[in-house]
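> So that we are looking at the same thing, I have put the structure below in structure tokens.
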Amino acid sequence: MKTRFSFLAMFALISLGIVLTTSCNDDDEDVAANKVKTEVMTAFQEMYPNVNAMWEVERGMYKAEFYSNGCEVEAWYQMDGTWVMTVTDLHVSMLPAAVADRVKTDYPDRYIDDCDLVEKPTEKYYQLELDKQGAADIYVKISENGDILP
């Protein structure tokens with residue numbers, strides 16, 4: 001009886017694992033560059049000439065992923081080719097002094113675990129993930145001149 005119970009429990013766990021791993025969808029779909037809409041590709045090439053990118057459709061938008069100056073970059077476009085934003089994953093050493101100084105002043109017990117430069121049509125800021133061992137991460141938006149943004 002104990003063996004049968006163990007078998008059923010193992011079967012249930014394996015089945016649950018299969019269901020969970022096959023049903024998780026991160027809502028992105030790889031797209032070949034030659035299948036990207038012309039208006040999107042034109043807008044991308046105007047902003048980033050001579051760049052080869054990997055393309056996905058995610059959250060109903062096109063996302064181009066590529067490297068620039070050693071940094072991973074994502075450029076997001078609406079389906080009609082309108083640029084939404086560009087997110088550049090930066091090394092901490094690339095942050096402007098005003099941003100780094102603000103973190104040191106306002107969060108002296110934290111370190112920068114991740115930093116992104118986010119550029120949108122009407123704004124530009126640094127999105128930082130601040131860590132501290134044993135505490136929840138803090139996410140902060142800071143302008144180029146060191147102002148904390150909402």
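By convention here, the chains of the structure tokens are called A, B, ... in the order presented, each chain's residues are numbered starting at 1, and ligands are numbered starting at 1 in the order presented.
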Could you pull out the residues in region 11-106 of chain A that DSSP calls alpha helix (DSSP H) from the backbone, as a compact mmCIF listing (two decimals) with N, CA, C and O atoms, in the first residue's frame?

# COMPACT_ATOMS: atom_id res chain seq x y z
N PHE A 11 3.70 10.30 -9.37
CA PHE A 11 2.99 10.54 -10.63
C PHE A 11 2.30 11.91 -10.61
O PHE A 11 2.37 12.67 -11.57
N ALA A 12 1.67 12.22 -9.49
CA ALA A 12 0.98 13.50 -9.36
C ALA A 12 1.97 14.67 -9.46
O ALA A 12 1.70 15.67 -10.13
N LEU A 13 3.11 14.56 -8.80
CA LEU A 13 4.11 15.61 -8.84
C LEU A 13 4.68 15.80 -10.24
O LEU A 13 4.86 16.92 -10.72
N ILE A 14 4.96 14.70 -10.92
CA ILE A 14 5.49 14.79 -12.29
C ILE A 14 4.44 15.41 -13.21
O ILE A 14 4.75 16.29 -14.02
N SER A 15 3.20 15.00 -13.08
CA SER A 15 2.13 15.55 -13.90
C SER A 15 1.96 17.05 -13.66
O SER A 15 1.82 17.83 -14.60
N LEU A 16 2.00 17.45 -12.41
CA LEU A 16 1.89 18.86 -12.08
C LEU A 16 3.05 19.64 -12.68
O LEU A 16 2.87 20.72 -13.24
N GLY A 17 4.24 19.11 -12.59
CA GLY A 17 5.41 19.77 -13.17
C GLY A 17 5.28 19.95 -14.66
O GLY A 17 5.60 21.01 -15.21
N ILE A 18 4.79 18.93 -15.34
CA ILE A 18 4.61 19.02 -16.79
C ILE A 18 3.57 20.09 -17.13
O ILE A 18 3.78 20.91 -18.01
N VAL A 19 2.47 20.10 -16.42
CA VAL A 19 1.42 21.09 -16.67
C VAL A 19 1.95 22.50 -16.44
O VAL A 19 1.73 23.40 -17.25
N LEU A 20 2.66 22.70 -15.34
CA LEU A 20 3.16 24.04 -15.02
C LEU A 20 4.20 24.52 -16.03
O LEU A 20 4.20 25.67 -16.43
N THR A 21 5.09 23.65 -16.46
CA THR A 21 6.14 24.09 -17.38
C THR A 21 5.62 24.28 -18.79
O THR A 21 6.15 25.10 -19.53
N THR A 22 4.59 23.56 -19.19
CA THR A 22 4.08 23.73 -20.54
C THR A 22 3.02 24.81 -20.62
O THR A 22 2.78 25.35 -21.70
N SER A 23 2.41 25.16 -19.51
CA SER A 23 1.35 26.17 -19.56
C SER A 23 1.88 27.57 -19.31
O SER A 23 1.17 28.55 -19.52
N THR A 38 7.14 46.27 -42.38
CA THR A 38 8.00 47.23 -43.06
C THR A 38 8.11 48.54 -42.29
O THR A 38 9.21 49.08 -42.13
N GLU A 39 6.99 49.06 -41.78
CA GLU A 39 7.02 50.34 -41.08
C GLU A 39 7.83 50.25 -39.78
O GLU A 39 8.48 51.21 -39.38
N VAL A 40 7.81 49.09 -39.14
CA VAL A 40 8.59 48.89 -37.92
C VAL A 40 10.07 48.82 -38.27
O VAL A 40 10.91 49.48 -37.64
N MET A 41 10.42 48.04 -39.28
CA MET A 41 11.81 47.90 -39.68
C MET A 41 12.38 49.23 -40.17
O MET A 41 13.53 49.57 -39.85
N THR A 42 11.60 50.00 -40.89
CA THR A 42 12.05 51.32 -41.36
C THR A 42 12.35 52.24 -40.18
O THR A 42 13.40 52.90 -40.14
N ALA A 43 11.45 52.29 -39.21
CA ALA A 43 11.65 53.13 -38.03
C ALA A 43 12.89 52.68 -37.26
O ALA A 43 13.70 53.51 -36.81
N PHE A 44 13.07 51.38 -37.13
CA PHE A 44 14.23 50.84 -36.42
C PHE A 44 15.52 51.21 -37.14
O PHE A 44 16.48 51.69 -36.52
N GLN A 45 15.57 51.02 -38.44
CA GLN A 45 16.79 51.29 -39.20
C GLN A 45 17.13 52.79 -39.23
O GLN A 45 18.30 53.15 -39.32
N GLU A 46 16.11 53.65 -39.12
CA GLU A 46 16.38 55.10 -39.02
C GLU A 46 17.05 55.43 -37.69
O GLU A 46 17.93 56.27 -37.64
N MET A 47 16.63 54.77 -36.63
CA MET A 47 17.21 55.03 -35.31
C MET A 47 18.54 54.31 -35.11
O MET A 47 19.42 54.83 -34.43
N ALA A 97 27.55 60.61 -12.76
CA ALA A 97 27.96 60.85 -11.36
C ALA A 97 26.78 61.30 -10.51
O ALA A 97 26.66 60.88 -9.35
N ALA A 98 25.90 62.13 -11.05
CA ALA A 98 24.75 62.63 -10.27
C ALA A 98 23.84 61.48 -9.84
O ALA A 98 23.30 61.50 -8.73
N VAL A 99 23.68 60.48 -10.68
CA VAL A 99 22.83 59.33 -10.35
C VAL A 99 23.51 58.48 -9.27
O VAL A 99 22.90 58.12 -8.27
N ALA A 100 24.76 58.15 -9.49
CA ALA A 100 25.50 57.33 -8.53
C ALA A 100 25.59 58.03 -7.17
O ALA A 100 25.41 57.40 -6.12
N ASP A 101 25.84 59.34 -7.17
CA ASP A 101 25.93 60.09 -5.92
C ASP A 101 24.60 60.09 -5.18
O ASP A 101 24.56 60.01 -3.95
N ARG A 102 23.50 60.20 -5.91
CA ARG A 102 22.17 60.21 -5.29
C ARG A 102 21.90 58.89 -4.57
O ARG A 102 21.37 58.86 -3.46
N VAL A 103 22.29 57.79 -5.21
CA VAL A 103 22.10 56.48 -4.58
C VAL A 103 22.95 56.38 -3.32
O VAL A 103 22.47 55.93 -2.27
N LYS A 104 24.20 56.81 -3.39
CA LYS A 104 25.09 56.74 -2.22
C LYS A 104 24.54 57.59 -1.07
O LYS A 104 24.66 57.21 0.09
N THR A 105 23.94 58.73 -1.39
CA THR A 105 23.42 59.64 -0.37
C THR A 105 22.11 59.12 0.23
O THR A 105 21.95 59.09 1.45
N ASP A 106 21.17 58.73 -0.63
CA ASP A 106 19.83 58.36 -0.17
C ASP A 106 19.71 56.90 0.27
O ASP A 106 18.81 56.54 1.02
> If we count only C-alpha atoms, what is near Asp114 (chain A) at a cut-off of 8 Å, once residues fewer than 6 positions away on the same chain are taken out, given as a PyMOL selection string?
chain A and resi 89-92+128-130
> Find the residues near region 67-75 of chain A: any atom within 12 Å, counting only C-alpha atoms, skip ones fewer than 6 places away on the same chain, and give them as a ChimeraX atom specification.
/A:40-41,43-45,47-58,61,81-92,94,115-120
> Using the selection just defined, write its residues with N, CA and C atoms as an mmCIF file, in the first residue's frame.

data_model
loop_
_atom_site.group_PDB
_atom_site.id
_atom_site.type_symbol
_atom_site.label_atom_id
_atom_site.label_comp_id
_atom_site.auth_asym_id
_atom_site.auth_seq_id
_atom_site.Cartn_x
_atom_site.Cartn_y
_atom_site.Cartn_z
ATOM 1 N N VAL A 40 7.809 49.091 -39.140
ATOM 2 C CA VAL A 40 8.595 48.889 -37.921
ATOM 3 C C VAL A 40 10.075 48.822 -38.274
ATOM 4 N N MET A 41 10.418 48.037 -39.282
ATOM 5 C CA MET A 41 11.814 47.898 -39.684
ATOM 6 C C MET A 41 12.385 49.230 -40.173
ATOM 7 N N ALA A 43 11.446 52.285 -39.215
ATOM 8 C CA ALA A 43 11.655 53.133 -38.031
ATOM 9 C C ALA A 43 12.892 52.676 -37.261
ATOM 10 N N PHE A 44 13.068 51.379 -37.132
ATOM 11 C CA PHE A 44 14.231 50.841 -36.419
ATOM 12 C C PHE A 44 15.522 51.213 -37.141
ATOM 13 N N GLN A 45 15.567 51.017 -38.438
ATOM 14 C CA GLN A 45 16.787 51.294 -39.204
ATOM 15 C C GLN A 45 17.128 52.786 -39.227
ATOM 16 N N MET A 47 16.628 54.770 -36.627
ATOM 17 C CA MET A 47 17.207 55.026 -35.305
ATOM 18 C C MET A 47 18.536 54.307 -35.107
ATOM 19 N N TYR A 48 18.633 53.111 -35.660
ATOM 20 C CA TYR A 48 19.807 52.256 -35.430
ATOM 21 C C TYR A 48 20.318 51.703 -36.766
ATOM 22 N N PRO A 49 20.930 52.547 -37.578
ATOM 23 C CA PRO A 49 21.425 52.063 -38.871
ATOM 24 C C PRO A 49 22.542 51.029 -38.683
ATOM 25 N N ASN A 50 22.579 50.076 -39.570
ATOM 26 C CA ASN A 50 23.622 49.043 -39.586
ATOM 27 C C ASN A 50 23.645 48.169 -38.336
ATOM 28 N N VAL A 51 22.497 48.013 -37.682
ATOM 29 C CA VAL A 51 22.407 47.149 -36.507
ATOM 30 C C VAL A 51 21.583 45.914 -36.867
ATOM 31 N N ASN A 52 22.113 44.754 -36.548
ATOM 32 C CA ASN A 52 21.373 43.505 -36.712
ATOM 33 C C ASN A 52 20.743 43.155 -35.369
ATOM 34 N N ALA A 53 19.458 42.897 -35.378
ATOM 35 C CA ALA A 53 18.738 42.635 -34.131
ATOM 36 C C ALA A 53 17.995 41.311 -34.207
ATOM 37 N N MET A 54 17.737 40.771 -33.049
ATOM 38 C CA MET A 54 16.835 39.630 -32.902
ATOM 39 C C MET A 54 15.465 40.232 -32.579
ATOM 40 N N TRP A 55 14.426 39.739 -33.219
ATOM 41 C CA TRP A 55 13.097 40.331 -33.073
ATOM 42 C C TRP A 55 12.134 39.395 -32.359
ATOM 43 N N GLU A 56 11.260 40.002 -31.564
ATOM 44 C CA GLU A 56 10.166 39.295 -30.901
ATOM 45 C C GLU A 56 8.927 40.164 -30.955
ATOM 46 N N VAL A 57 7.790 39.524 -30.829
ATOM 47 C CA VAL A 57 6.547 40.241 -30.550
ATOM 48 C C VAL A 57 6.212 39.906 -29.110
ATOM 49 N N GLU A 58 6.136 40.942 -28.277
ATOM 50 C CA GLU A 58 5.873 40.759 -26.852
ATOM 51 C C GLU A 58 4.926 41.860 -26.391
ATOM 52 N N MET A 61 3.696 44.294 -28.963
ATOM 53 C CA MET A 61 4.633 45.220 -29.606
ATOM 54 C C MET A 61 5.826 44.446 -30.155
ATOM 55 N N GLY A 81 4.856 50.966 -36.226
ATOM 56 C CA GLY A 81 6.206 51.497 -36.381
ATOM 57 C C GLY A 81 6.536 52.641 -35.440
ATOM 58 N N THR A 82 5.613 53.050 -34.602
ATOM 59 C CA THR A 82 5.872 54.126 -33.651
ATOM 60 C C THR A 82 6.817 53.625 -32.561
ATOM 61 N N TRP A 83 7.912 54.359 -32.360
ATOM 62 C CA TRP A 83 8.873 53.992 -31.325
ATOM 63 C C TRP A 83 8.255 54.237 -29.959
ATOM 64 N N VAL A 84 8.352 53.262 -29.069
ATOM 65 C CA VAL A 84 7.797 53.347 -27.724
ATOM 66 C C VAL A 84 8.893 53.690 -26.721
ATOM 67 N N MET A 85 9.981 52.907 -26.748
ATOM 68 C CA MET A 85 11.074 53.146 -25.814
ATOM 69 C C MET A 85 12.276 52.297 -26.187
ATOM 70 N N THR A 86 13.404 52.686 -25.618
ATOM 71 C CA THR A 86 14.624 51.896 -25.710
ATOM 72 C C THR A 86 15.143 51.708 -24.289
ATOM 73 N N VAL A 87 15.487 50.474 -23.955
ATOM 74 C CA VAL A 87 16.011 50.138 -22.638
ATOM 75 C C VAL A 87 17.415 49.563 -22.836
ATOM 76 N N THR A 88 18.395 50.218 -22.218
ATOM 77 C CA THR A 88 19.783 49.784 -22.326
ATOM 78 C C THR A 88 20.261 49.308 -20.962
ATOM 79 N N ASP A 89 20.708 48.077 -20.894
ATOM 80 C CA ASP A 89 21.222 47.489 -19.652
ATOM 81 C C ASP A 89 22.663 47.971 -19.480
ATOM 82 N N LEU A 90 22.887 48.808 -18.485
ATOM 83 C CA LEU A 90 24.190 49.429 -18.273
ATOM 84 C C LEU A 90 24.981 48.751 -17.163
ATOM 85 N N HIS A 91 26.277 48.902 -17.243
ATOM 86 C CA HIS A 91 27.145 48.539 -16.118
ATOM 87 C C HIS A 91 27.108 49.722 -15.150
ATOM 88 N N VAL A 92 27.197 49.460 -13.876
ATOM 89 C CA VAL A 92 27.118 50.509 -12.857
ATOM 90 C C VAL A 92 28.129 51.627 -13.123
ATOM 91 N N MET A 94 28.869 52.971 -15.728
ATOM 92 C CA MET A 94 28.425 53.851 -16.808
ATOM 93 C C MET A 94 27.403 54.893 -16.348
ATOM 94 N N CYS A 115 21.025 48.202 -13.455
ATOM 95 C CA CYS A 115 20.687 49.558 -13.875
ATOM 96 C C CYS A 115 20.403 49.591 -15.367
ATOM 97 N N ASP A 116 19.306 50.243 -15.704
ATOM 98 C CA ASP A 116 18.874 50.392 -17.087
ATOM 99 C C ASP A 116 18.694 51.868 -17.396
ATOM 100 N N LEU A 117 19.114 52.255 -18.587
ATOM 101 C CA LEU A 117 18.786 53.567 -19.115
ATOM 102 C C LEU A 117 17.522 53.389 -19.927
ATOM 103 N N VAL A 118 16.459 54.098 -19.546
ATOM 104 C CA VAL A 118 15.179 54.011 -20.240
ATOM 105 C C VAL A 118 14.962 55.317 -20.986
ATOM 106 N N GLU A 119 14.804 55.215 -22.303
ATOM 107 C CA GLU A 119 14.561 56.392 -23.135
ATOM 108 C C GLU A 119 13.203 56.239 -23.803
ATOM 109 N N LYS A 120 12.356 57.253 -23.616
ATOM 110 C CA LYS A 120 11.032 57.289 -24.217
ATOM 111 C C LYS A 120 10.905 58.597 -24.984
#
> Quick one: pull the distance between CA of Asp131 (chain A) and CA of Ile112 (chain A), Å, one decimal.
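Between these atoms lies a distance of 6.3 Å.
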> I need the strand (DSSP E) residues of region 10-148 of chain A per DSSP on the backbone, written as a VMD selection string.
chain A and resid 28 to 31 54 to 58 61 to 68 71 to 77 83 to 90 111 to 120 123 to 131 138 to 142 148
> Figure out the distance between CA of Lys124 (chain A) and CA of Asp80 (chain A), please, to one decimal in Å.
22.6 Å
> For CA of Tyr139 (chain A) and CA of Tyr111 (chain A), determine how far apart the two atoms are, in Å to one decimal place.
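Rounded to one decimal, the two atoms are 11.6 Å apart.
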> Between A:Val140, A:Gln127, A:Gln78, A:Asp28, which one has atoms that come closest to Tyr107 (chain A), using only C-alpha atoms?
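Once distances to Tyr107 (chain A) are computed over only C-alpha atoms, the minimum belongs to A:Val140.
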> Rank nothing, just name the residue among A:Asn145, A:Ala33, A:Tyr77, A:Asp109 nearest to Pro121 (chain A), using only C-alpha atoms.
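Among the listed residues, A:Tyr77 lies closest to Pro121 (chain A).
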